[in-house]
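Text of structure37.txt (compact mmCIF, C-alpha atoms) as supplied:
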```txt
# COMPACT_ATOMS: atom_id res chain seq x y z
CA MET A 1013 -53.64 8.30 25.24
CA THR A 1014 -52.36 5.14 26.89
CA ASP A 1015 -52.32 4.75 30.66
CA ARG A 1016 -48.86 4.36 32.19
CA THR A 1017 -50.17 2.24 35.13
CA ARG A 1018 -51.89 -0.48 33.14
CA ARG A 1019 -50.33 -3.88 32.73
CA PRO A 1020 -48.46 -4.92 29.58
CA ALA A 1021 -50.73 -6.38 26.93
CA THR A 1022 -50.37 -7.86 23.48
CA PHE A 1023 -52.03 -6.43 20.39
CA ARG A 1024 -51.95 -6.76 16.63
CA LEU A 1025 -50.66 -4.08 14.32
CA ASP A 1026 -53.82 -4.30 12.21
CA ASP A 1027 -55.97 -3.54 15.28
CA PRO A 1028 -58.09 -0.41 14.60
CA HIS A 1029 -57.12 0.96 18.03
CA VAL A 1030 -53.41 0.89 17.12
CA THR A 1031 -52.05 4.04 15.50
CA VAL A 1032 -48.48 4.41 14.18
CA MET A 1033 -47.34 8.01 14.61
CA ASP A 1034 -44.13 10.00 14.32
CA GLY A 1035 -42.73 11.94 17.25
CA ASP A 1036 -43.91 15.27 15.81
CA ASP A 1037 -47.55 14.19 15.25
CA ASP A 1038 -50.35 15.69 17.34
CA ILE A 1039 -51.29 13.37 20.22
CA GLY A 1040 -54.54 15.22 20.98
CA ARG A 1041 -56.28 13.86 17.89
CA LEU A 1042 -56.11 10.29 19.18
CA ALA A 1043 -59.31 8.66 20.43
CA ARG A 1044 -59.61 7.65 24.08
CA GLY A 1045 -58.15 4.19 24.68
CA ALA A 1046 -56.19 4.22 21.43
CA ILE A 1047 -52.72 2.75 21.39
CA ARG A 1048 -49.93 4.89 20.00
CA ILE A 1049 -46.81 3.33 18.48
CA THR A 1050 -43.79 5.51 17.65
CA PRO A 1051 -41.19 3.68 15.54
CA GLU A 1052 -37.65 4.28 16.71
CA PRO A 1053 -35.02 5.15 14.12
CA GLU A 1054 -32.52 2.40 13.32
CA PRO A 1055 -29.13 3.04 14.90
CA GLN A 1056 -26.35 3.93 12.52
CA LEU A 1057 -23.39 1.82 13.51
CA PRO A 1058 -19.97 3.32 12.83
CA VAL A 1059 -17.91 1.61 10.14
CA ALA A 1060 -14.21 1.27 10.75
CA ILE A 1061 -12.42 2.57 7.70
CA GLU A 1062 -8.70 2.55 7.35
CA GLU A 1063 -7.39 6.04 6.90
CA PRO A 1064 -4.93 6.51 4.09
CA LEU A 1065 -1.50 6.44 5.71
CA ARG A 1066 0.35 7.27 2.55
CA PRO A 1067 2.07 10.64 2.44
CA THR A 1068 0.18 13.11 0.31
CA ARG A 1069 2.00 14.49 -2.67
CA LYS A 1070 2.71 18.19 -2.73
CA GLY A 1071 1.81 20.34 -5.67
CA PHE A 1072 4.13 21.87 -8.21
CA GLY A 1073 6.77 23.83 -6.31
CA TRP A 1074 9.87 25.89 -6.87
CA GLY A 1075 12.13 22.90 -6.33
CA THR A 1076 10.48 21.05 -9.20
CA LEU A 1077 10.77 24.14 -11.39
CA PHE A 1078 14.47 24.51 -10.52
CA TRP A 1079 15.38 20.92 -11.33
CA SER A 1080 13.29 20.91 -14.50
CA ALA A 1081 14.96 24.08 -15.76
CA LEU A 1082 18.42 22.78 -14.80
CA GLY A 1083 17.76 19.49 -16.59
CA GLY A 1084 16.62 21.37 -19.69
CA LEU A 1085 19.82 23.45 -19.70
CA VAL A 1086 21.98 20.34 -19.32
CA LEU A 1087 20.19 18.63 -22.20
CA LEU A 1088 20.60 21.71 -24.39
CA GLY A 1089 24.31 21.85 -23.56
CA VAL A 1090 24.81 18.16 -24.31
CA GLY A 1091 22.89 18.46 -27.56
CA LEU A 1092 24.93 21.49 -28.66
CA GLY A 1093 28.14 19.67 -27.81
CA VAL A 1094 27.13 16.60 -29.83
CA ALA A 1095 26.15 18.79 -32.80
CA ASN A 1096 29.53 20.55 -32.72
CA LEU A 1097 31.31 17.18 -32.44
CA ILE A 1098 29.50 15.77 -35.47
CA ARG A 1099 30.24 18.93 -37.47
CA ASP A 1100 33.93 18.68 -36.58
CA LEU A 1101 33.94 15.00 -37.58
CA PHE A 1102 32.46 15.86 -40.99
CA THR A 1103 35.15 18.53 -41.36
CA ILE A 1104 37.86 15.93 -40.76
CA ASN A 1105 36.37 13.05 -42.72
CA ASP A 1106 32.95 12.18 -44.11
CA GLY A 1107 33.20 8.62 -42.83
CA LEU A 1108 33.87 9.79 -39.28
CA GLY A 1109 31.02 12.26 -39.60
CA PHE A 1110 28.50 9.59 -40.61
CA LEU A 1111 29.82 7.29 -37.87
CA GLY A 1112 29.31 10.03 -35.27
CA LEU A 1113 25.87 10.79 -36.67
CA GLY A 1114 24.86 7.11 -36.43
CA LEU A 1115 26.09 6.84 -32.86
CA ALA A 1116 24.23 10.01 -31.92
CA ALA A 1117 21.04 8.58 -33.48
CA LEU A 1118 21.46 5.38 -31.46
CA VAL A 1119 21.96 7.41 -28.27
CA ALA A 1120 18.85 9.47 -29.02
CA LEU A 1121 16.80 6.32 -29.72
CA ALA A 1122 17.97 4.68 -26.49
CA LEU A 1123 17.21 7.87 -24.56
CA ILE A 1124 13.68 8.01 -25.98
CA VAL A 1125 13.07 4.36 -25.01
CA ILE A 1126 14.41 4.94 -21.49
CA ILE A 1127 12.24 8.03 -21.02
CA ALA A 1128 9.18 6.15 -22.30
CA ARG A 1129 9.83 3.24 -19.91
CA GLU A 1130 10.29 5.60 -16.99
CA ALA A 1131 7.09 7.44 -17.87
CA LEU A 1132 5.13 4.16 -18.11
CA ALA A 1133 6.57 3.00 -14.79
CA LEU A 1134 5.58 6.28 -13.10
CA MET A 1135 2.07 6.01 -14.59
CA ARG A 1136 1.76 2.44 -13.31
CA LEU A 1137 2.80 3.49 -9.79
CA ALA A 1138 0.32 6.38 -9.93
CA THR A 1139 -2.41 3.92 -10.98
CA ILE A 1140 -1.68 1.72 -7.97
CA GLU A 1141 -1.79 4.72 -5.66
CA LYS A 1142 -5.12 5.84 -7.12
CA LEU A 1143 -6.52 2.31 -6.78
CA HIS A 1144 -5.63 2.36 -3.10
CA ALA A 1145 -7.43 5.66 -2.56
CA ARG A 1146 -10.45 4.55 -4.63
CA ALA A 1147 -10.75 1.32 -2.65
CA ILE A 1148 -10.80 3.27 0.62
CA ALA A 1149 -13.51 5.55 -0.79
CA VAL A 1150 -15.61 2.57 -1.94
CA ILE A 1151 -15.40 0.93 1.49
CA ALA A 1152 -16.60 4.18 3.04
CA SER A 1153 -19.43 4.80 0.54
CA ASP A 1154 -20.35 1.17 -0.31
CA ASP A 1155 -20.77 2.20 -3.94
CA ARG A 1156 -21.52 -0.94 -5.95
CA SER A 1157 -20.81 0.45 -9.42
CA GLU A 1158 -17.51 2.03 -8.36
CA SER A 1159 -16.47 -1.21 -6.65
CA ARG A 1160 -16.88 -3.07 -9.94
CA ALA A 1161 -14.80 -0.43 -11.70
CA VAL A 1162 -12.08 -0.85 -9.08
CA LEU A 1163 -12.29 -4.63 -9.48
CA ALA A 1164 -11.88 -4.33 -13.27
CA ASP A 1165 -8.77 -2.17 -12.84
CA LEU A 1166 -7.37 -4.64 -10.30
CA LEU A 1167 -7.86 -7.53 -12.70
CA LYS A 1168 -6.04 -5.57 -15.42
CA LEU A 1169 -3.20 -4.87 -13.02
CA ALA A 1170 -2.94 -8.56 -12.03
CA HIS A 1171 -3.30 -9.85 -15.58
CA ASP A 1172 0.42 -10.55 -16.05
CA ASN A 1173 0.88 -12.35 -12.73
CA PRO A 1174 0.57 -16.14 -13.25
CA ARG A 1175 0.19 -16.91 -9.54
CA LEU A 1176 -3.10 -14.97 -9.51
CA ALA A 1177 -4.75 -16.90 -12.36
CA ARG A 1178 -7.08 -18.82 -10.06
CA ALA A 1179 -7.94 -15.71 -8.07
CA ARG A 1180 -8.75 -13.80 -11.27
CA SER A 1181 -11.10 -16.52 -12.50
CA ALA A 1182 -12.84 -16.65 -9.11
CA LEU A 1183 -13.34 -12.88 -9.04
CA GLN A 1184 -14.62 -12.81 -12.61
CA ALA A 1185 -17.19 -15.42 -11.61
CA HIS A 1186 -18.32 -13.23 -8.68
CA ALA A 1187 -18.39 -10.01 -10.72
CA GLY A 1188 -21.94 -10.60 -11.95
CA GLU A 1189 -23.38 -11.45 -8.53
CA ILE A 1190 -25.25 -9.03 -6.30
CA ILE A 1191 -22.59 -8.01 -3.79
CA ASP A 1192 -22.26 -4.77 -1.87
CA GLY A 1193 -19.44 -2.47 -2.87
CA ALA A 1194 -17.44 -2.77 0.35
CA ASP A 1195 -17.88 -6.55 0.44
CA LEU A 1196 -16.65 -6.84 -3.15
CA ILE A 1197 -13.48 -4.92 -2.30
CA ARG A 1198 -12.89 -7.17 0.72
CA LEU A 1199 -13.48 -10.24 -1.44
CA ALA A 1200 -10.97 -8.95 -4.00
CA GLU A 1201 -8.47 -8.35 -1.22
CA ARG A 1202 -8.83 -11.90 0.11
CA GLU A 1203 -8.54 -13.47 -3.33
CA LEU A 1204 -5.83 -11.29 -4.91
CA MET A 1205 -3.78 -9.99 -2.01
CA SER A 1206 -3.57 -13.13 0.16
CA PRO A 1207 -0.87 -14.95 -1.89
CA LEU A 1208 0.95 -11.68 -2.52
CA ASP A 1209 0.97 -10.79 1.18
CA MET A 1210 2.47 -14.19 2.04
CA GLU A 1211 5.23 -13.68 -0.51
CA ALA A 1212 5.79 -10.09 0.67
CA ARG A 1213 6.17 -11.26 4.27
CA ARG A 1214 8.69 -13.87 3.11
CA LEU A 1215 10.69 -11.25 1.17
CA VAL A 1216 10.80 -8.90 4.16
CA SER A 1217 11.79 -11.72 6.52
CA VAL A 1218 14.55 -12.96 4.20
CA ALA A 1219 15.92 -9.43 3.69
CA ALA A 1220 15.90 -8.75 7.44
CA GLN A 1221 17.68 -12.03 8.19
CA ARG A 1222 20.27 -11.38 5.48
CA VAL A 1223 20.98 -7.89 6.81
CA SER A 1224 21.17 -9.25 10.35
CA VAL A 1225 23.70 -11.94 9.43
CA VAL A 1226 25.91 -9.76 7.21
CA THR A 1227 26.07 -6.82 9.62
CA ALA A 1228 26.83 -9.18 12.50
CA ILE A 1229 29.94 -10.59 10.81
CA SER A 1230 31.02 -7.47 8.91
CA PRO A 1231 34.22 -5.89 10.27
CA ARG A 1232 33.56 -2.34 9.01
CA ALA A 1233 30.73 0.06 9.76
CA LEU A 1234 30.95 1.51 6.23
CA VAL A 1235 30.32 -1.95 4.77
CA ASP A 1236 27.29 -2.29 7.06
CA MET A 1237 25.83 1.00 5.86
CA LEU A 1238 26.34 0.20 2.18
CA PHE A 1239 24.89 -3.28 2.50
CA VAL A 1240 21.85 -2.10 4.47
CA ALA A 1241 21.17 0.64 1.90
CA ALA A 1242 21.51 -1.80 -1.02
CA ALA A 1243 19.28 -4.37 0.73
CA ALA A 1244 16.63 -1.73 1.45
CA ILE A 1245 16.54 -0.54 -2.17
CA ARG A 1246 16.39 -4.12 -3.43
CA LEU A 1247 13.58 -4.96 -1.00
CA VAL A 1248 11.47 -1.97 -2.04
CA ARG A 1249 11.94 -2.85 -5.71
CA GLN A 1250 10.94 -6.49 -5.10
CA LEU A 1251 7.80 -5.49 -3.19
CA ALA A 1252 6.80 -2.99 -5.86
CA LYS A 1253 7.15 -5.62 -8.60
CA LEU A 1254 5.26 -8.15 -6.49
CA TYR A 1255 2.20 -5.89 -6.14
CA GLY A 1256 2.14 -4.91 -9.81
CA GLY A 1257 4.47 -1.91 -9.99
CA ARG A 1258 7.50 -1.89 -12.25
CA PRO A 1259 9.56 1.03 -11.00
CA GLY A 1260 12.48 2.39 -12.93
CA THR A 1261 15.10 4.78 -11.60
CA LEU A 1262 12.74 7.72 -11.14
CA GLY A 1263 10.05 5.39 -9.82
CA MET A 1264 12.42 4.00 -7.20
CA ILE A 1265 13.31 7.50 -6.07
CA ALA A 1266 9.62 8.34 -5.74
CA LEU A 1267 8.91 5.07 -3.89
CA LEU A 1268 11.76 5.59 -1.45
CA ARG A 1269 10.48 9.08 -0.71
CA GLN A 1270 7.00 7.73 -0.06
CA VAL A 1271 8.33 4.93 2.17
CA VAL A 1272 10.37 7.35 4.25
CA GLY A 1273 7.38 9.69 4.44
CA HIS A 1274 5.18 6.78 5.53
CA LEU A 1275 7.63 5.97 8.31
CA ALA A 1276 7.59 9.60 9.41
CA ILE A 1277 3.77 9.71 9.45
CA THR A 1278 3.22 6.42 11.27
CA GLY A 1279 6.15 6.80 13.67
CA GLY A 1280 7.66 3.57 12.42
CA MET A 1281 11.13 4.10 13.82
CA ALA A 1282 9.74 4.86 17.27
CA ALA A 1283 7.68 1.67 17.10
CA SER A 1284 10.80 -0.25 16.14
CA ASP A 1285 12.73 1.29 19.04
CA SER A 1286 10.02 0.31 21.52
CA MET A 1287 9.96 -3.22 20.11
CA ILE A 1288 13.72 -3.50 20.41
CA GLN A 1289 13.67 -2.17 23.97
CA GLN A 1290 10.94 -4.66 24.86
CA MET A 1291 12.99 -7.51 23.41
CA LEU A 1292 16.13 -6.41 25.18
CA GLY A 1293 14.19 -5.96 28.40
CA HIS A 1294 13.15 -9.61 28.38
CA GLY A 1295 16.76 -10.76 28.70
CA ILE A 1296 17.46 -11.48 25.06
CA ALA A 1297 20.49 -9.19 25.13
CA ALA A 1298 22.13 -11.43 27.70
CA LYS A 1299 22.05 -14.31 25.22
CA LEU A 1300 23.66 -12.36 22.37
CA SER A 1301 27.04 -10.86 21.80
CA GLN A 1302 27.43 -7.22 20.88
CA ARG A 1303 27.77 -7.93 17.16
CA LEU A 1304 24.77 -10.23 17.14
CA GLY A 1305 22.74 -7.58 18.93
CA GLU A 1306 23.70 -5.00 16.31
CA GLY A 1307 22.75 -7.47 13.60
CA ILE A 1308 19.29 -7.94 15.09
CA LEU A 1309 18.89 -4.16 15.38
CA ASN A 1310 19.72 -3.65 11.69
CA GLY A 1311 17.47 -6.55 10.74
CA LEU A 1312 14.54 -5.06 12.65
CA LEU A 1313 15.00 -1.67 11.02
CA THR A 1314 15.08 -3.35 7.60
CA ALA A 1315 11.92 -5.26 8.47
CA ARG A 1316 10.16 -2.05 9.51
CA LEU A 1317 11.19 -0.43 6.25
CA GLY A 1318 9.78 -3.43 4.38
CA LEU A 1319 6.45 -3.19 6.22
CA ALA A 1320 6.22 0.49 5.27
CA ALA A 1321 7.00 -0.43 1.66
CA ILE A 1322 4.14 -2.96 1.70
CA ASP A 1323 1.72 -0.24 2.80
CA VAL A 1324 2.96 2.06 0.03
CA THR A 1325 3.09 -0.44 -2.86
CA ARG A 1326 -0.06 -2.47 -2.02
CA PRO A 1327 -2.98 -1.51 -4.31
CA LEU A 1328 -5.63 -2.29 -1.65
CA PRO A 1329 -5.83 -1.24 2.01
CA PHE A 1330 -5.73 -3.80 4.82
CA THR A 1331 -9.39 -4.39 5.65
CA ALA A 1332 -10.18 -8.10 5.25
CA LEU A 1333 -6.65 -9.40 5.83
CA PRO A 1334 -4.37 -8.74 8.82
CA ARG A 1335 -1.45 -6.39 8.39
CA PRO A 1336 1.99 -8.03 8.90
CA GLN A 1337 3.36 -7.19 12.33
CA LEU A 1338 6.91 -6.31 13.29
CA ALA A 1339 6.68 -8.56 16.35
CA ASP A 1340 6.31 -11.67 14.15
CA LEU A 1341 9.35 -10.73 12.09
CA ALA A 1342 11.31 -10.01 15.26
CA LYS A 1343 10.51 -13.50 16.53
CA ASP A 1344 11.76 -14.94 13.26
CA LEU A 1345 15.03 -13.02 13.63
CA VAL A 1346 15.58 -14.18 17.21
CA ARG A 1347 14.72 -17.76 16.26
CA LYS A 1348 17.20 -17.58 13.39
CA LYS A 1349 19.92 -16.36 15.74
CA ASP A 1350 19.17 -19.11 18.24
CA ASP A 1351 19.41 -21.72 15.47
CA GLU A 1352 22.75 -20.31 14.31
CA GLU A 1353 24.16 -20.34 17.84
CA ALA A 1354 22.92 -23.89 18.40
```

If you convert what's in this file into structure tokens, what do you get?
Amino acid sequence: MTDRTRRPATFRLDDPHVTVMDGDDDIGRLARGAIRITPEPEPQLPVAIEEPLRPTRKGFGWGTLFWSALGGLVLLGVGLGVANLIRDLFTINDGLGFLGLGLAALVALALIVIIAREALALMRLATIEKLHARAIAVIASDDRSESRAVLADLLKLAHDNPRLARARSALQAHAGEIIDGADLIRLAERELMSPLDMEARRLVSVAAQRVSVVTAISPRALVDMLFVAAAAIRLVRQLAKLYGGRPGTLGMIALLRQVVGHLAITGGMAASDSMIQQMLGHGIAAKLSQRLGEGILNGLLTARLGLAAIDVTRPLPFTALPRPQLADLAKDLVRKKDDEEA
């Protein structure tokens, strides 16, 4: 056993007096004057992983059963009414009967196409949501094979976007290289999401400025509410299309529910209120009239809704790129107001 009072000395690992032992090995079997080395375990550093902030979908409930059954009854009633109408038309005149039958066939064909498009849009949105969750899991597990599967699905999703042609070719060139799973997801985020994030920030800023200007000059509160609602729906649809989703009517309803749920989870409105209070506390309210202040308030709320929509519609989490901040958009709004007043 080594003496604690002796001076430090150098030695070689291949020295016969040096013995590498674990902590549980018996020390008594060592020879006198032997040097014992116990390797320390490597520290496991924590990895910061973004938690999924998207609202989790609930399972099949009674509300879904109610609306499904009610929709089925309405469709049966409409179908029975159309059948009776066509029968009455044939009773009156054969020409009218065939005309009604042709129109009913066209309505049925259009309905089938609409349902198919809505189903494809919902499947595409579900694919984006699953890609987001899979990317978070790959960053946590550093699974190389799963990261390449996620990359392949991302390239399929971005295939129709011409602005990502260079990014797709760069990622396809890196696909065969030896890269860790988490690093490959971060590389895909930098290549694919960087131009889309810039465009998304521009869309949110433009929508917030438009809402701010219109609500500042609008004479009626009802007009303000309608315009803000229309601008919010249009912004969510634009962001969904930008990141690869093509929502229809049902898809927009689902997206709006997820965006509102995301705001409820992250406390987005409270963050917006604190930001507004901070801005007003720095004397900005003294420079603005009441209507201009209301315009900035509505613009900030629209911007916060847009940021939540980015989190919901983006197929990859924010790991390698910074998340857009409400403070930057607020500065853009105030700068826009200052330019208008000047």

request  = Show which residues sit within 12 Å of range 1074-1090 of chain A, as a list in words. Count all atoms listed in the file, and ignore same-chain residues fewer than 6 positions away.
outcome  =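 Within the cut-off, the hits are Asn1096, Leu1097, Ala1116, Val1119, Ala1120 and Leu1123 of chain A.
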
ask   = What does the distance between CA of Asp1209 in chain A and CA of Gly1257 in chain A come to in Å, to one decimal place?
value =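 A separation of 14.7 Å between them.
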
task = Kindly give the distance, in Å, that separates CA of Ala1152 in chain A and CA of Ala1164 in chain A, rounded to a single decimal.
result = 19.0 Å

Could you make a table, as CSV, of the residues of range 1091-1206 of chain A that have an atom within 7 Å of an atom of range 1319-1330 of chain A, each with its nearest atom pair and distance in Å to one decimal, counting only C-alpha atoms, in chain and number order?
```
residue,atom,partner,partner_atom,distance
A:Ile1140,CA,A:Pro1327,CA,5.1
A:Glu1141,CA,A:Pro1327,CA,6.5
A:Leu1143,CA,A:Pro1327,CA,5.8
A:His1144,CA,A:Pro1327,CA,4.8
A:Ala1147,CA,A:Leu1328,CA,6.3
A:Ile1148,CA,A:Pro1329,CA,6.9
A:Glu1201,CA,A:Leu1328,CA,6.7
```

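Distances to Ala1131 in chain A were evaluated for A:Arg1335, A:Arg1156, A:Arg1198, A:Arg1258 using only C-alpha atoms, and the minimum falls at A:Arg1258.
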
query = By how many Å are CA of Arg1099 in chain A and CA of Gly1114 in chain A apart?
reply =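 CA of Arg1099 in chain A sits 13.0 Å away from CA of Gly1114 in chain A.
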
task = May I have the residues within 12 Å of Pro1174 in chain A as a ChimeraX atom specification, using only C-alpha atoms and disregarding those fewer than 2 positions away in the same chain?
result = /A:1169-1172,1176-1181,1204,1207-1208,1254,1256

Selected residues written out with C-alpha atoms, as a PDB file, keeping the file's coordinate frame:
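Once written, part.pdb looks like this:
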```pdb
ATOM      1  CA  LEU A1169      -3.200  -4.870 -13.020  1.00  0.00           C
ATOM      2  CA  ALA A1170      -2.940  -8.560 -12.030  1.00  0.00           C
ATOM      3  CA  HIS A1171      -3.300  -9.850 -15.580  1.00  0.00           C
ATOM      4  CA  ASP A1172       0.420 -10.550 -16.050  1.00  0.00           C
ATOM      5  CA  LEU A1176      -3.100 -14.970  -9.510  1.00  0.00           C
ATOM      6  CA  ALA A1177      -4.750 -16.900 -12.360  1.00  0.00           C
ATOM      7  CA  ARG A1178      -7.080 -18.820 -10.060  1.00  0.00           C
ATOM      8  CA  ALA A1179      -7.940 -15.710  -8.070  1.00  0.00           C
ATOM      9  CA  ARG A1180      -8.750 -13.800 -11.270  1.00  0.00           C
ATOM     10  CA  SER A1181     -11.100 -16.520 -12.500  1.00  0.00           C
ATOM     11  CA  LEU A1204      -5.830 -11.290  -4.910  1.00  0.00           C
ATOM     12  CA  PRO A1207      -0.870 -14.950  -1.890  1.00  0.00           C
ATOM     13  CA  LEU A1208       0.950 -11.680  -2.520  1.00  0.00           C
ATOM     14  CA  LEU A1254       5.260  -8.150  -6.490  1.00  0.00           C
ATOM     15  CA  GLY A1256       2.140  -4.910  -9.810  1.00  0.00           C
TER      16      GLY A1256
END
```

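Using all atoms listed in the file, the smallest distance between any of A:Ile1124, A:Ser1230, A:Arg1213, A:Ala1252 and Leu1338 in chain A comes from A:Arg1213.
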
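Distances to Met1237 in chain A were evaluated for A:Gly1073, A:Gly1107, A:Gly1307, A:Gly1273 using only C-alpha atoms, and the minimum falls at A:Gly1307.
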
ask   = Between A:His1274, A:Thr1314, A:Leu1309, A:Ser1206, which is the closest to Phe1239 in chain A once you count all atoms listed in the file?
value =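 Using all atoms listed in the file, Phe1239 in chain A sits closest to A:Thr1314.
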
query = With distances taken over all atoms listed in the file, which of A:Gln1184, A:Ser1153, A:Asn1105, A:Thr1331 is nearest to Met1205 in chain A?
reply =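 Nearest candidate to Met1205 in chain A out of A:Gln1184, A:Ser1153, A:Asn1105, A:Thr1331: A:Thr1331.
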
query = Restricting the calculation to only C-alpha atoms, which member of A:Ser1217, A:Ser1157, A:Thr1227, A:Thr1139 is positioned closest to Ile1308 in chain A?
reply = A:Thr1227

query = Near Ile1191 in chain A, counting all atoms listed in the file, which residues have an atom at most 12 Å away, once you skip same-chain residues fewer than 4 positions from it, shown as a list in words?
reply =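 Here the answer would be Asp1154, Asp1155, Arg1156, Ser1157, Ser1159, Arg1160, Leu1183, His1186, Ala1187, Asp1195, Leu1196, Ile1197, Arg1198, Leu1199 and Ala1200 of chain A.
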